[in-house]
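Shown below: final.cif, with mmCIF, C-alpha atoms.
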```cif
data_data
loop_
_atom_site.label_atom_id
_atom_site.label_comp_id
_atom_site.auth_asym_id
_atom_site.auth_seq_id
_atom_site.Cartn_x
_atom_site.Cartn_y
_atom_site.Cartn_z
CA MET A 190 -5.05 -6.45 -20.19
CA ALA A 191 -4.09 -2.78 -20.13
CA ALA A 192 -1.84 -1.46 -17.39
CA THR A 193 -4.51 0.97 -16.18
CA GLU A 194 -6.83 -2.01 -15.58
CA THR A 195 -4.22 -4.21 -13.93
CA PHE A 196 -2.61 -1.57 -11.72
CA SER A 197 -5.24 1.19 -11.48
CA GLU A 198 -5.55 0.94 -7.71
CA LYS A 199 -1.79 1.25 -7.36
CA LEU A 200 -1.10 4.08 -9.81
CA LEU A 201 1.29 6.54 -8.16
CA TYR A 202 2.00 8.98 -10.97
CA GLU A 203 1.29 9.51 -14.65
CA GLY A 204 3.56 11.64 -16.78
CA LYS A 205 3.72 12.51 -20.45
CA ALA A 206 5.35 9.25 -21.53
CA LYS A 207 5.15 6.83 -18.59
CA GLN A 208 2.99 5.59 -15.73
CA ILE A 209 4.45 4.73 -12.33
CA PHE A 210 2.82 2.00 -10.23
CA LYS A 211 3.28 0.74 -6.71
CA THR A 212 4.60 -2.82 -6.24
CA ALA A 213 4.60 -5.32 -3.41
CA SER A 214 8.15 -4.21 -2.55
CA GLN A 215 8.42 -0.92 -0.67
CA GLY A 216 11.71 -0.11 -2.38
CA GLU A 217 10.56 -0.78 -5.94
CA ILE A 218 8.16 0.66 -8.51
CA LEU A 219 6.80 -0.53 -11.85
CA ILE A 220 7.31 1.78 -14.83
CA ARG A 221 5.08 1.32 -17.85
CA TYR A 222 5.74 3.14 -21.12
CA LYS A 223 2.90 4.90 -22.96
CA ASP A 224 2.29 5.48 -26.66
CA SER A 225 1.94 9.24 -26.22
CA ALA A 226 4.24 11.69 -27.97
CA THR A 227 4.60 15.28 -26.78
CA ALA A 228 6.71 18.26 -27.75
CA PHE A 229 7.11 21.94 -26.88
CA ASN A 230 6.23 21.42 -23.20
CA GLY A 231 3.12 19.44 -24.08
CA GLU A 232 1.72 21.89 -26.64
CA LYS A 233 1.98 19.25 -29.38
CA LYS A 234 0.46 15.88 -28.44
CA GLU A 235 -0.32 12.66 -30.27
CA ILE A 236 -0.90 8.99 -29.52
CA ILE A 237 1.39 6.88 -31.71
CA ALA A 238 0.81 3.13 -31.54
CA GLY A 239 4.00 1.22 -30.77
CA LYS A 240 6.01 4.16 -29.45
CA GLY A 241 6.05 2.93 -25.85
CA ARG A 242 7.39 -0.47 -26.86
CA LEU A 243 10.19 1.15 -28.86
CA ASN A 244 11.23 3.51 -26.05
CA MET A 245 11.26 0.60 -23.60
CA ALA A 246 13.51 -1.38 -25.95
CA PHE A 247 15.92 1.54 -26.37
CA THR A 248 16.09 2.16 -22.62
CA LYS A 249 16.78 -1.51 -21.93
CA HIS A 250 19.51 -1.50 -24.58
CA PHE A 251 21.24 1.66 -23.38
CA PHE A 252 20.88 0.97 -19.65
CA THR A 253 22.37 -2.50 -20.14
CA LEU A 254 25.25 -0.98 -22.11
CA LEU A 255 25.90 1.57 -19.37
CA GLU A 256 25.63 -0.99 -16.55
CA ASN A 257 28.16 -3.16 -18.38
CA ASN A 258 30.47 -0.13 -18.31
CA GLY A 259 30.11 0.58 -14.59
CA ILE A 260 27.22 3.09 -14.54
CA LYS A 261 24.57 2.35 -11.91
CA THR A 262 20.92 2.68 -12.98
CA HIS A 263 17.60 2.23 -11.20
CA THR A 264 16.88 -0.97 -13.16
CA VAL A 265 15.84 -4.09 -11.23
CA LYS A 266 14.40 -6.19 -14.07
CA TYR A 267 12.42 -5.94 -17.29
CA THR A 268 9.01 -7.56 -17.05
CA ASP A 269 7.55 -7.24 -20.56
CA GLU A 270 7.90 -5.14 -23.71
CA LEU A 271 6.31 -2.11 -22.03
CA SER A 272 7.33 -2.42 -18.38
CA MET A 273 10.24 -2.59 -15.99
CA ILE A 274 10.72 -2.87 -12.24
CA ALA A 275 12.97 -0.12 -10.91
CA LYS A 276 14.41 0.95 -7.61
CA LYS A 277 12.30 3.63 -5.97
CA VAL A 278 14.36 6.81 -5.94
CA GLU A 279 13.75 10.43 -5.07
CA ILE A 280 14.04 12.11 -8.46
CA ILE A 281 16.32 15.14 -8.36
CA LEU A 282 14.41 17.99 -9.99
CA LEU A 283 17.18 18.81 -12.42
CA GLU A 284 17.19 17.75 -16.06
CA THR A 285 20.77 17.23 -17.15
CA ILE A 286 21.67 18.01 -20.76
CA VAL A 287 24.95 17.06 -22.42
CA ARG A 288 25.58 18.60 -25.83
CA ASN A 289 28.21 17.46 -28.33
CA TYR A 290 26.83 19.43 -31.27
CA ALA A 291 24.66 22.54 -31.50
CA ALA A 292 20.96 21.81 -32.04
CA GLY A 293 17.62 22.83 -30.59
CA SER A 294 17.36 25.43 -27.86
CA ILE A 295 21.05 26.31 -27.63
CA CYS A 296 20.94 27.52 -31.24
CA LYS A 297 18.01 29.83 -30.44
CA ARG A 298 19.50 30.93 -27.13
CA LEU A 299 23.11 31.58 -28.18
CA GLY A 300 22.96 31.87 -31.96
CA TYR A 301 24.89 28.73 -32.84
CA GLU A 302 24.49 27.32 -36.32
CA LYS A 303 22.92 23.86 -36.22
CA GLY A 304 25.54 21.15 -36.46
CA VAL A 305 28.49 23.05 -34.95
CA LYS A 306 30.66 20.63 -32.95
CA PHE A 307 31.68 21.82 -29.51
CA GLU A 308 35.36 21.48 -28.60
CA GLU A 309 34.28 19.92 -25.29
CA PRO A 310 30.85 18.53 -24.33
CA VAL A 311 28.58 21.24 -22.93
CA PHE A 312 26.95 20.36 -19.60
CA GLU A 313 23.71 22.15 -18.69
CA ILE A 314 21.05 21.74 -16.02
CA PHE A 315 17.40 22.74 -16.21
CA TYR A 316 14.93 23.11 -13.34
CA LYS A 317 12.36 20.32 -13.77
CA ASN A 318 9.21 22.40 -13.32
CA ASP A 319 6.40 22.33 -15.90
CA ASP A 320 4.78 25.50 -14.57
CA LEU A 321 8.00 27.45 -15.22
CA GLY A 322 8.72 25.74 -18.53
CA ASP A 323 11.75 23.78 -17.27
CA PRO A 324 14.11 26.80 -17.30
CA LEU A 325 17.89 26.70 -17.61
CA ILE A 326 19.40 27.12 -14.16
CA THR A 327 22.93 27.72 -12.88
CA GLN A 328 24.55 25.31 -10.45
CA GLU A 329 24.54 28.05 -7.80
CA GLU A 330 20.81 28.65 -8.31
CA ALA A 331 20.13 24.90 -8.06
CA VAL A 332 21.93 24.80 -4.71
CA SER A 333 20.14 27.96 -3.51
CA LYS A 334 16.74 26.42 -4.45
CA GLY A 335 17.62 23.31 -2.43
CA LEU A 336 17.36 21.06 -5.50
CA ALA A 337 20.77 19.48 -4.91
CA SER A 338 23.98 20.17 -3.06
CA ALA A 339 27.13 21.36 -4.83
CA ALA A 340 28.67 17.92 -4.20
CA GLU A 341 25.62 16.18 -5.71
CA ILE A 342 25.73 18.37 -8.81
CA ASN A 343 29.40 17.50 -9.22
CA ILE A 344 28.53 13.78 -9.03
CA ILE A 345 25.75 14.26 -11.60
CA LYS A 346 28.09 16.15 -13.93
CA ASN A 347 30.82 13.51 -13.71
CA GLN A 348 28.31 10.71 -14.32
CA ALA A 349 26.70 12.56 -17.23
CA LEU A 350 30.05 13.12 -18.94
CA ALA A 351 31.04 9.49 -18.38
CA ILE A 352 27.72 8.38 -19.89
CA ASN A 353 28.31 10.71 -22.83
CA GLU A 354 31.69 9.12 -23.52
CA ILE A 355 30.23 5.61 -23.48
CA LEU A 356 27.19 6.40 -25.61
CA SER A 357 29.09 8.61 -28.08
CA LYS A 358 31.68 5.92 -28.77
CA TYR A 359 28.96 3.32 -29.17
CA ALA A 360 26.91 5.47 -31.55
CA ASP A 361 29.99 6.38 -33.57
CA SER A 362 30.82 2.68 -33.99
CA LYS A 363 27.39 2.31 -35.62
CA SER A 364 27.84 5.35 -37.93
CA VAL A 365 25.46 7.46 -35.84
CA THR A 366 26.19 10.82 -34.21
CA LEU A 367 24.99 11.41 -30.64
CA VAL A 368 24.18 15.10 -30.83
CA ASP A 369 22.84 15.72 -27.33
CA PHE A 370 20.73 14.02 -24.67
CA LYS A 371 18.78 14.51 -21.46
CA LEU A 372 19.29 12.52 -18.26
CA GLU A 373 17.55 12.37 -14.92
CA PHE A 374 19.08 11.15 -11.68
CA GLY A 375 17.61 10.01 -8.39
CA ARG A 376 18.65 9.52 -4.78
CA LEU A 377 18.45 6.14 -3.10
CA PRO A 378 17.44 6.11 0.60
CA ASP A 379 21.13 6.09 1.57
CA GLY A 380 21.75 9.21 -0.52
CA GLU A 381 23.55 7.50 -3.39
CA ILE A 382 22.81 9.12 -6.75
CA ILE A 383 22.03 6.82 -9.68
CA LEU A 384 20.75 7.18 -13.23
CA ALA A 385 16.95 6.98 -13.55
CA ASP A 386 14.15 7.65 -16.06
CA GLU A 387 15.00 6.55 -19.63
CA ILE A 388 17.40 6.89 -22.56
CA SER A 389 15.68 6.76 -25.93
CA PRO A 390 15.21 8.80 -29.12
CA ASP A 391 12.68 10.78 -27.04
CA THR A 392 15.52 12.02 -24.82
CA CYS A 393 18.44 12.03 -27.28
CA ARG A 394 19.20 13.55 -30.66
CA PHE A 395 20.71 11.07 -33.09
CA TRP A 396 21.85 12.00 -36.61
CA LYS A 397 23.06 9.85 -39.45
CA LYS A 398 26.84 10.24 -39.32
CA GLY A 399 28.08 13.10 -41.47
CA THR A 400 24.60 14.65 -41.78
CA THR A 401 21.98 16.45 -39.71
CA ASP A 402 19.29 13.93 -40.69
CA SER A 403 17.23 13.18 -37.56
CA LEU A 404 16.57 9.69 -36.19
CA ASP A 405 14.87 10.96 -33.02
CA LYS A 406 11.90 12.95 -31.71
CA ASP A 407 12.79 15.92 -33.90
CA VAL A 408 11.01 13.94 -36.62
CA PHE A 409 7.82 14.46 -34.58
CA ARG A 410 8.65 17.98 -33.38
CA GLU A 411 9.33 19.22 -36.90
CA ALA A 412 6.80 16.99 -38.73
CA LYS A 413 9.54 15.48 -40.88
CA GLY A 414 8.08 12.00 -41.29
CA SER A 415 7.03 8.92 -39.35
CA LEU A 416 8.32 8.72 -35.80
CA ILE A 417 7.81 4.94 -35.69
CA GLU A 418 9.68 4.42 -38.95
CA SER A 419 12.57 6.61 -37.76
CA TYR A 420 12.82 4.90 -34.35
CA THR A 421 12.62 1.45 -35.94
CA LYS A 422 15.33 2.36 -38.42
CA LEU A 423 17.57 3.64 -35.61
CA ALA A 424 16.95 0.45 -33.61
CA GLY A 425 18.12 -1.60 -36.57
CA ILE A 426 21.27 0.48 -36.98
CA LEU A 427 22.16 0.36 -33.28
CA GLY A 428 21.30 -3.31 -32.82
CA VAL A 429 18.41 -2.70 -30.41
CA GLU A 430 16.35 -5.87 -29.94
CA LEU A 431 12.68 -5.24 -30.66
#
```
As structure tokens, please, write out the structure in this file.
Amino acid sequence: MAATETFSEKLLYEGKAKQIFKTASQGEILIRYKDSATAFNGEKKEIIAGKGRLNMAFTKHFFTLLENNGIKTHTVKYTDELSMIAKKVEIILLETIVRNYAAGSICKRLGYEKGVKFEEPVFEIFYKNDDLGDPLITQEEAVSKGLASAAEINIIKNQALAINEILSKYADSKSVTLVDFKLEFGRLPDGEIILADEISPDTCRFWKKGTTDSLDKDVFREAKGSLIESYTKLAGILGVEL
């Protein structure tokens, strides 16, 4: 039975790639992955059968890896191939980007040649606001807007860089380059900040080591082939259980 039939009366929120449902526990939610693919702030859209299952598998794989290395996530348990129970958090309206190599918007914005390796990872934050197009924002502007305190942004930055180190080493061990990735964080009721949302080829750029050949959503963005085939291939390389 489809999630919309089972949980329709409890649907709290529906985004581009996931649905959020209420659960019997006040402090928990159910997250169900969708088969929708979007790019360019929703201008390009498509339903791709099997995509939700793949992104769920990647998130489970990466979140488990991070938890085993001391990073706290919102995960409570995985219920099926499309769904997970997560701690209910207040999502901080900042999208965190960590860049190891130049690709995507930073090339357009600052004139980098695609594939240039940064001497140190580049940490950026974007204001999570669809109406404004999720603009790049300074830390001072984020504090002024009341999105997070300076101390919270420092925690987010430190966690993001720690996550980058873990994931980059793991990808490298599998002959894959972690180019860049997006993270979202949330506040627990006691104010603790933990990793939320997902980590998948939808939110990361992965290249075959030594190349700029995409194994991520750029395949969909740039119409370079089958997204499902690319994600499945990456899962096999990284050892993601499908």
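Nearest residue to A:Lys211, choosing from A:Lys266, A:Lys277, A:Arg242, A:Arg288 and counting all atoms listed in the file: A:Lys277.
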#### Entry: Ground truth for the PyMOL selection byres ((chain A and resi 305) around 10), written as a list in words
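Residues picked by the PyMOL selection byres ((chain A and resi 305) around 10): Asn289, Tyr290, Ala291, Ala292, Cys296, Tyr301, Glu302, Lys303, Gly304, Lys306, Phe307, Glu308 and Val368 of chain A.
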### Message
Report as a list of chain:residue names all protein, DNA and RNA residues lying within 12 Å of A:Ala340, evaluated on only C-alpha atoms, omitting residues in the same chain fewer than 2 positions from it.
### Response
A:Gln328, A:Glu329, A:Ala331, A:Val332, A:Leu336, A:Ala337, A:Ser338, A:Ile342, A:Asn343, A:Ile344, A:Ile345, A:Lys346, A:Asn347, A:Gly380, A:Glu381, A:Ile382
For those residues, write C-alpha atoms to a file as a PDB file, in the coordinates of the input.
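What ended up in part.pdb:
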```
ATOM      1  CA  GLN A 328      24.550  25.310 -10.450  1.00  0.00           C
ATOM      2  CA  GLU A 329      24.540  28.050  -7.800  1.00  0.00           C
ATOM      3  CA  ALA A 331      20.130  24.900  -8.060  1.00  0.00           C
ATOM      4  CA  VAL A 332      21.930  24.800  -4.710  1.00  0.00           C
ATOM      5  CA  LEU A 336      17.360  21.060  -5.500  1.00  0.00           C
ATOM      6  CA  ALA A 337      20.770  19.480  -4.910  1.00  0.00           C
ATOM      7  CA  SER A 338      23.980  20.170  -3.060  1.00  0.00           C
ATOM      8  CA  ILE A 342      25.730  18.370  -8.810  1.00  0.00           C
ATOM      9  CA  ASN A 343      29.400  17.500  -9.220  1.00  0.00           C
ATOM     10  CA  ILE A 344      28.530  13.780  -9.030  1.00  0.00           C
ATOM     11  CA  ILE A 345      25.750  14.260 -11.600  1.00  0.00           C
ATOM     12  CA  LYS A 346      28.090  16.150 -13.930  1.00  0.00           C
ATOM     13  CA  ASN A 347      30.820  13.510 -13.710  1.00  0.00           C
ATOM     14  CA  GLY A 380      21.750   9.210  -0.520  1.00  0.00           C
ATOM     15  CA  GLU A 381      23.550   7.500  -3.390  1.00  0.00           C
ATOM     16  CA  ILE A 382      22.810   9.120  -6.750  1.00  0.00           C
TER      17      ILE A 382
END
```
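Closest approach to A:Thr262 among A:Arg376, A:Lys334, A:Lys233, A:Arg221: A:Arg376, based on only C-alpha atoms.
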### Task
For A:Thr421, please output as a PyMOL selection string all residues within 12 Å (counting only C-alpha atoms; exclusion window: fewer than 6 positions along the same chain).
chain A and resi 239-240+242-244+246-247+389-390+404-405+415+427-431
### Query
Can you list, as number ranges by chain, the residues that the PyMOL selection byres ((chain A and resi 370) around 12) selects here?
A: 284-293, 310-314, 349-350, 352-353, 356-357, 366-369, 371-373, 387-395, 405-406
### Query
At what distance in Å, to one decimal, does atom CA of A:Ile274 lie from atom CA of A:Asn257?
18.5 Å
### Task
Would you mind listing what lies within 8 Å of A:Ile355 as a VMD selection string, with all atoms listed in the file counted and same-chain residues fewer than 4 positions away left out?
chain A and resid 255 258 351 359
Store the residues picked out above in a file with C-alpha atoms, as a PDB file, keeping the file's coordinate frame.
```
ATOM      1  CA  LEU A 255      25.900   1.570 -19.370  1.00  0.00           C
ATOM      2  CA  ASN A 258      30.470  -0.130 -18.310  1.00  0.00           C
ATOM      3  CA  ALA A 351      31.040   9.490 -18.380  1.00  0.00           C
ATOM      4  CA  TYR A 359      28.960   3.320 -29.170  1.00  0.00           C
TER       5      TYR A 359
END
```
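Distance check against A:Arg298 using all atoms listed in the file: of A:Thr264, A:Leu325, A:Glu418, A:Ile220, the minimum falls on A:Leu325.
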### Task
On this file, the PyMOL selection byres ((chain A and resi 235) around 10) gives some set of residues; write that set as a PyMOL selection string.
chain A and resi 224-228+231+233-234+236-238+409
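Rounded to one decimal, atom CA of A:Gly414 and atom CA of A:Gly241 lie 18.0 Å from each other.
Closest approach to A:Leu282 among A:Ile326, A:Ala424, A:Leu219, A:Val408 is made by A:Ile326 (distances from all atoms listed in the file).
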### Message
Please compute the atom CA of A:Ser419-atom CA of A:Thr400 distance, one decimal, in Å.
### Response
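These two atoms are separated by 15.0 Å.
When all atoms listed in the file are used to measure the gap to A:Pro324, the shortest distance among A:Leu384, A:Met273, A:Leu283, A:Ala213 belongs to A:Leu283.
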### Query
Which one is closest to A:Lys205: A:Asp319, A:Asp379, A:Asp402, A:Asp361? Count all atoms listed in the file.
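Answer, going by the shortest atom-to-atom distance: A:Asp319.
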Generate all heavy atoms for stretch 277-288 of chain A and emit them as an mmCIF file, in the frame of the given file.
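Written file, rebuild23.cif:
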```
data_model
loop_
_atom_site.group_PDB
_atom_site.id
_atom_site.type_symbol
_atom_site.label_atom_id
_atom_site.label_comp_id
_atom_site.auth_asym_id
_atom_site.auth_seq_id
_atom_site.Cartn_x
_atom_site.Cartn_y
_atom_site.Cartn_z
ATOM 1 N N LYS A 277 13.004 2.386 -6.278
ATOM 2 C CA LYS A 277 12.300 3.630 -5.970
ATOM 3 C C LYS A 277 13.322 4.670 -5.518
ATOM 4 O O LYS A 277 14.038 4.477 -4.536
ATOM 5 C CB LYS A 277 11.260 3.386 -4.867
ATOM 6 C CG LYS A 277 10.327 4.563 -4.634
ATOM 7 C CD LYS A 277 9.251 4.196 -3.624
ATOM 8 C CE LYS A 277 8.268 5.342 -3.430
ATOM 9 N NZ LYS A 277 7.218 4.989 -2.450
ATOM 10 N N VAL A 278 13.410 5.747 -6.271
ATOM 11 C CA VAL A 278 14.360 6.810 -5.940
ATOM 12 C C VAL A 278 13.615 8.130 -5.784
ATOM 13 O O VAL A 278 12.495 8.288 -6.277
ATOM 14 C CB VAL A 278 15.447 6.960 -7.030
ATOM 15 C CG1 VAL A 278 16.277 5.694 -7.163
ATOM 16 C CG2 VAL A 278 14.837 7.348 -8.376
ATOM 17 N N GLU A 279 14.251 9.053 -5.118
ATOM 18 C CA GLU A 279 13.750 10.430 -5.070
ATOM 19 C C GLU A 279 14.355 11.155 -6.270
ATOM 20 O O GLU A 279 15.566 11.386 -6.314
ATOM 21 C CB GLU A 279 14.186 11.114 -3.773
ATOM 22 C CG GLU A 279 13.778 12.575 -3.692
ATOM 23 C CD GLU A 279 14.468 13.325 -2.563
ATOM 24 O OE1 GLU A 279 15.291 12.708 -1.851
ATOM 25 O OE2 GLU A 279 14.200 14.526 -2.426
ATOM 26 N N ILE A 280 13.529 11.456 -7.259
ATOM 27 C CA ILE A 280 14.040 12.110 -8.460
ATOM 28 C C ILE A 280 14.543 13.511 -8.123
ATOM 29 O O ILE A 280 13.846 14.305 -7.484
ATOM 30 C CB ILE A 280 12.955 12.196 -9.551
ATOM 31 C CG1 ILE A 280 12.632 10.799 -10.083
ATOM 32 C CG2 ILE A 280 13.405 13.102 -10.695
ATOM 33 C CD1 ILE A 280 13.757 10.132 -10.848
ATOM 34 N N ILE A 281 15.761 13.800 -8.526
ATOM 35 C CA ILE A 281 16.320 15.140 -8.360
ATOM 36 C C ILE A 281 15.727 16.027 -9.441
ATOM 37 O O ILE A 281 15.746 15.675 -10.624
ATOM 38 C CB ILE A 281 17.859 15.087 -8.458
ATOM 39 C CG1 ILE A 281 18.416 14.232 -7.306
ATOM 40 C CG2 ILE A 281 18.457 16.490 -8.428
ATOM 41 C CD1 ILE A 281 19.886 13.905 -7.422
ATOM 42 N N LEU A 282 15.173 17.154 -9.058
ATOM 43 C CA LEU A 282 14.410 17.990 -9.990
ATOM 44 C C LEU A 282 15.298 18.843 -10.884
ATOM 45 O O LEU A 282 15.115 20.058 -11.045
ATOM 46 C CB LEU A 282 13.410 18.858 -9.223
ATOM 47 C CG LEU A 282 12.341 18.085 -8.449
ATOM 48 C CD1 LEU A 282 11.418 19.051 -7.721
ATOM 49 C CD2 LEU A 282 11.538 17.173 -9.374
ATOM 50 N N LEU A 283 16.281 18.178 -11.470
ATOM 51 C CA LEU A 283 17.180 18.810 -12.420
ATOM 52 C C LEU A 283 17.268 17.922 -13.656
ATOM 53 O O LEU A 283 17.578 16.732 -13.540
ATOM 54 C CB LEU A 283 18.585 18.984 -11.824
ATOM 55 C CG LEU A 283 18.726 19.930 -10.638
ATOM 56 C CD1 LEU A 283 20.135 19.856 -10.072
ATOM 57 C CD2 LEU A 283 18.392 21.368 -11.043
ATOM 58 N N GLU A 284 16.975 18.472 -14.809
ATOM 59 C CA GLU A 284 17.190 17.750 -16.060
ATOM 60 C C GLU A 284 18.591 18.081 -16.548
ATOM 61 O O GLU A 284 18.935 19.253 -16.725
ATOM 62 C CB GLU A 284 16.144 18.136 -17.100
ATOM 63 C CG GLU A 284 14.745 17.663 -16.741
ATOM 64 C CD GLU A 284 13.725 17.953 -17.823
ATOM 65 O OE1 GLU A 284 14.020 18.772 -18.718
ATOM 66 O OE2 GLU A 284 12.628 17.361 -17.774
ATOM 67 N N THR A 285 19.385 17.062 -16.724
ATOM 68 C CA THR A 285 20.770 17.230 -17.150
ATOM 69 C C THR A 285 20.854 17.083 -18.662
ATOM 70 O O THR A 285 20.367 16.107 -19.218
ATOM 71 C CB THR A 285 21.656 16.163 -16.482
ATOM 72 O OG1 THR A 285 21.627 16.351 -15.064
ATOM 73 C CG2 THR A 285 23.085 16.261 -16.967
ATOM 74 N N ILE A 286 21.481 18.049 -19.314
ATOM 75 C CA ILE A 286 21.670 18.010 -20.760
ATOM 76 C C ILE A 286 23.168 17.986 -21.052
ATOM 77 O O ILE A 286 23.931 18.784 -20.489
ATOM 78 C CB ILE A 286 21.049 19.241 -21.461
ATOM 79 C CG1 ILE A 286 19.583 19.420 -21.071
ATOM 80 C CG2 ILE A 286 21.230 19.141 -22.975
ATOM 81 C CD1 ILE A 286 18.645 18.392 -21.624
ATOM 82 N N VAL A 287 23.579 17.073 -21.912
ATOM 83 C CA VAL A 287 24.950 17.060 -22.420
ATOM 84 C C VAL A 287 24.861 17.283 -23.928
ATOM 85 O O VAL A 287 24.128 16.579 -24.624
ATOM 86 C CB VAL A 287 25.677 15.741 -22.114
ATOM 87 C CG1 VAL A 287 27.088 15.773 -22.703
ATOM 88 C CG2 VAL A 287 25.752 15.504 -20.610
ATOM 89 N N ARG A 288 25.617 18.250 -24.411
ATOM 90 C CA ARG A 288 25.580 18.600 -25.830
ATOM 91 C C ARG A 288 26.963 18.389 -26.464
ATOM 92 O O ARG A 288 27.962 18.935 -25.984
ATOM 93 C CB ARG A 288 25.167 20.068 -26.012
ATOM 94 C CG ARG A 288 23.804 20.408 -25.401
ATOM 95 C CD ARG A 288 23.451 21.870 -25.678
ATOM 96 N NE ARG A 288 22.232 22.282 -24.989
ATOM 97 C CZ ARG A 288 20.998 22.115 -25.458
ATOM 98 N NH1 ARG A 288 20.831 21.518 -26.627
ATOM 99 N NH2 ARG A 288 19.949 22.536 -24.770
#
```
